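The structure appears right after this line, and notes come after that.
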Amino acid sequence: MLITLAVRRLFCDSADCGRRMFAEQVEGLTVRYQRRSPLVQNLVEMAGVLLAGRGGARLLRFLKTPLSRTSVLFQLMRMELPPVATPRVLGVDDFALYADVYGTLLVDAGTRMPIELWAGRDAEQPASWLGTHPGVEAVCRDGSLVYRQGITEGAPDAVQVSDRFQSRQL
């Protein structure tokens, strides 16, 4: 499909203005600083939610919207998650985007729904999240000492459960 679109370019003559040129936006078709239309962006986000990295990239290739797995994951990380109630049991784990770039995932262990997705893996993020969301009774995590420290700081009364493969490090 080829769309030919004519928009106006607007200029600002004011010396105080930081921007000199502006482009007109078409409602529902263009978004400022985006490379994809809102409809295609929604498709990429849904593929990321349903299938994550490689699976989402494969699905998008079949739908004639080729993206790399890291692009799908980055779009997934940019999405805002809907507000949810604080879970009783929280799952904390990390994942690799590529090479030495990691992210952190918080999951409601009762519903198996994602709650938060962060770039990086450190103790401050889980500690601050648990501090602002009291009521977590148990946290399932891997053997990471970083996550253990963050959970202890944020929810000192929560029971921490480590998986069986990492339990020797505790």
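Here, A, B, ... name the chains of the structure tokens in the order displayed, residue numbers run from 1 inside each chain, and ligands are numbered from 1 in the same displayed order.
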Shell around Asp108 (chain A) at 7 Å using only C-alpha atoms, local window under 3 positions removed, as a PyMOL selection string: chain A and resi 87+89-91+111-115
Store the residues picked out above in a file with N, CA and C atoms, as a short mmCIF file (atom, residue, chain, number, x, y, z; two decimals), in the first residue's frame.
```cif
data_model
loop_
_atom_site.label_atom_id
_atom_site.label_comp_id
_atom_site.auth_asym_id
_atom_site.auth_seq_id
_atom_site.Cartn_x
_atom_site.Cartn_y
_atom_site.Cartn_z
N PRO A 87 -0.10 -7.18 44.30
CA PRO A 87 -0.31 -8.62 44.47
C PRO A 87 0.15 -9.11 45.84
N VAL A 89 1.51 -12.22 46.09
CA VAL A 89 2.74 -12.93 45.73
C VAL A 89 3.29 -12.30 44.45
N LEU A 90 4.53 -11.86 44.52
CA LEU A 90 5.17 -11.15 43.41
C LEU A 90 6.31 -11.99 42.85
N GLY A 91 6.44 -12.03 41.54
CA GLY A 91 7.56 -12.70 40.89
C GLY A 91 8.51 -11.65 40.33
N THR A 111 -2.08 -14.16 39.19
CA THR A 111 -2.76 -14.06 37.90
C THR A 111 -1.83 -14.31 36.72
N ARG A 112 -0.51 -14.35 36.98
CA ARG A 112 0.51 -14.52 35.96
C ARG A 112 0.53 -13.38 34.95
N MET A 113 0.12 -12.21 35.39
CA MET A 113 0.12 -11.03 34.53
C MET A 113 1.32 -10.14 34.86
N PRO A 114 1.96 -9.55 33.83
CA PRO A 114 3.08 -8.65 34.11
C PRO A 114 2.59 -7.38 34.79
N ILE A 115 3.42 -6.85 35.68
CA ILE A 115 3.09 -5.63 36.41
C ILE A 115 3.99 -4.49 35.97
#
```
Residues near Trp129 (chain A), cut-off 10 Å, only C-alpha atoms, skip fewer than 3 positions along chain, as a CSV table (one decimal) with N, CA, C and O atoms, in the first residue's frame:
```
chain,number,residue,atom,x,y,z
A,106,LEU,N,8.5,-7.7,36.7
A,106,LEU,CA,7.7,-8.0,37.9
A,106,LEU,C,6.4,-8.6,37.4
A,106,LEU,O,5.7,-8.1,36.5
A,116,GLU,N,5.3,-4.7,36.0
A,116,GLU,CA,6.3,-3.7,35.6
A,116,GLU,C,7.4,-4.3,34.8
A,116,GLU,O,7.7,-5.5,34.9
A,124,GLU,N,17.7,-0.9,43.5
A,124,GLU,CA,16.9,0.3,43.8
A,124,GLU,C,15.5,0.2,43.2
A,124,GLU,O,14.6,0.7,43.9
A,125,GLN,N,15.4,-0.3,42.0
A,125,GLN,CA,14.1,-0.3,41.4
A,125,GLN,C,13.1,-1.2,42.2
A,125,GLN,O,12.0,-0.8,42.5
A,126,PRO,N,13.4,-2.5,42.5
A,126,PRO,CA,12.5,-3.3,43.3
A,126,PRO,C,12.2,-2.7,44.7
A,126,PRO,O,11.1,-2.8,45.2
A,132,THR,N,6.5,1.6,47.6
A,132,THR,CA,5.3,2.4,47.3
A,132,THR,C,4.1,1.5,47.1
A,132,THR,O,3.0,2.0,46.9
A,133,HIS,N,4.3,0.1,47.1
A,133,HIS,CA,3.2,-0.8,47.0
A,133,HIS,C,3.2,-1.8,48.2
A,133,HIS,O,3.6,-3.0,48.0
A,134,PRO,N,2.9,-1.3,49.4
A,134,PRO,CA,2.9,-2.3,50.5
A,134,PRO,C,1.8,-3.3,50.4
A,134,PRO,O,0.8,-3.1,49.7
A,150,GLY,N,17.4,-5.7,47.2
A,150,GLY,CA,16.3,-4.8,46.9
A,150,GLY,C,15.0,-5.2,47.6
A,150,GLY,O,14.2,-4.3,48.1
A,151,ILE,N,14.7,-6.4,47.6
A,151,ILE,CA,13.4,-6.9,48.2
A,151,ILE,C,13.5,-6.7,49.7
A,151,ILE,O,12.5,-6.3,50.4
A,154,GLY,N,12.9,-3.0,50.4
A,154,GLY,CA,11.6,-2.5,50.1
A,154,GLY,C,10.5,-3.2,50.9
A,154,GLY,O,9.5,-2.5,51.2
A,155,ALA,N,10.6,-4.5,51.2
A,155,ALA,CA,9.6,-5.2,51.9
A,155,ALA,C,10.3,-6.2,52.9
A,155,ALA,O,10.4,-7.4,52.6
```
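Counting only C-alpha atoms, Arg9 (chain A) has the following residues at most 7 Å away, ignoring those fewer than 6 positions along the same chain: A:Met21, A:Phe22, A:Ala23, A:Glu24.
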DSSP helix (DSSP H, G or I) residues within chain A, as number ranges by chain: A: 38-62, 69-78, 124-132, 145-154, 167-169
Strand (DSSP E or B) residues, from DSSP on the backbone, in region 16-157 of chain A, as a ChimeraX atom specification: /A:21-23,89-98,101-108,113-119,138-141
Leu39 (chain A) environment, 9 Å, only C-alpha atoms, sequence neighbours closer than 3 positions dropped, as a PyMOL selection string: chain A and resi 28-29+36+42-44
Emit the selected residues as a PDB file, in the first residue's frame, including C-alpha atoms.
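Below you can see out.pdb, which holds the result:
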```pdb
ATOM      1  CA  GLY A  28      -4.955   9.033  13.281  1.00  0.00           C
ATOM      2  CA  LEU A  29      -2.325   8.691  10.561  1.00  0.00           C
ATOM      3  CA  ARG A  36       5.100   4.005  12.129  1.00  0.00           C
ATOM      4  CA  ASN A  42      -0.550  -0.945  17.842  1.00  0.00           C
ATOM      5  CA  LEU A  43       0.176  -4.098  15.807  1.00  0.00           C
ATOM      6  CA  VAL A  44       3.832  -4.082  16.930  1.00  0.00           C
TER       7      VAL A  44
END
```
Nearby residues (only C-alpha atoms) at most 12 Å from Lys64 (chain A), same-chain spacing under 3 positions excluded, as a PyMOL selection string: chain A and resi 1+40+43-44+57-61+67
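As for CA of Arg88 (chain A) and CA of Ala158 (chain A), they are spaced 9.5 Å apart.
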Option closest in space to Leu63 (chain A), from A:Ala6, A:Ala47, A:Ala119, A:Met77 [counting only C-alpha atoms]: A:Ala47
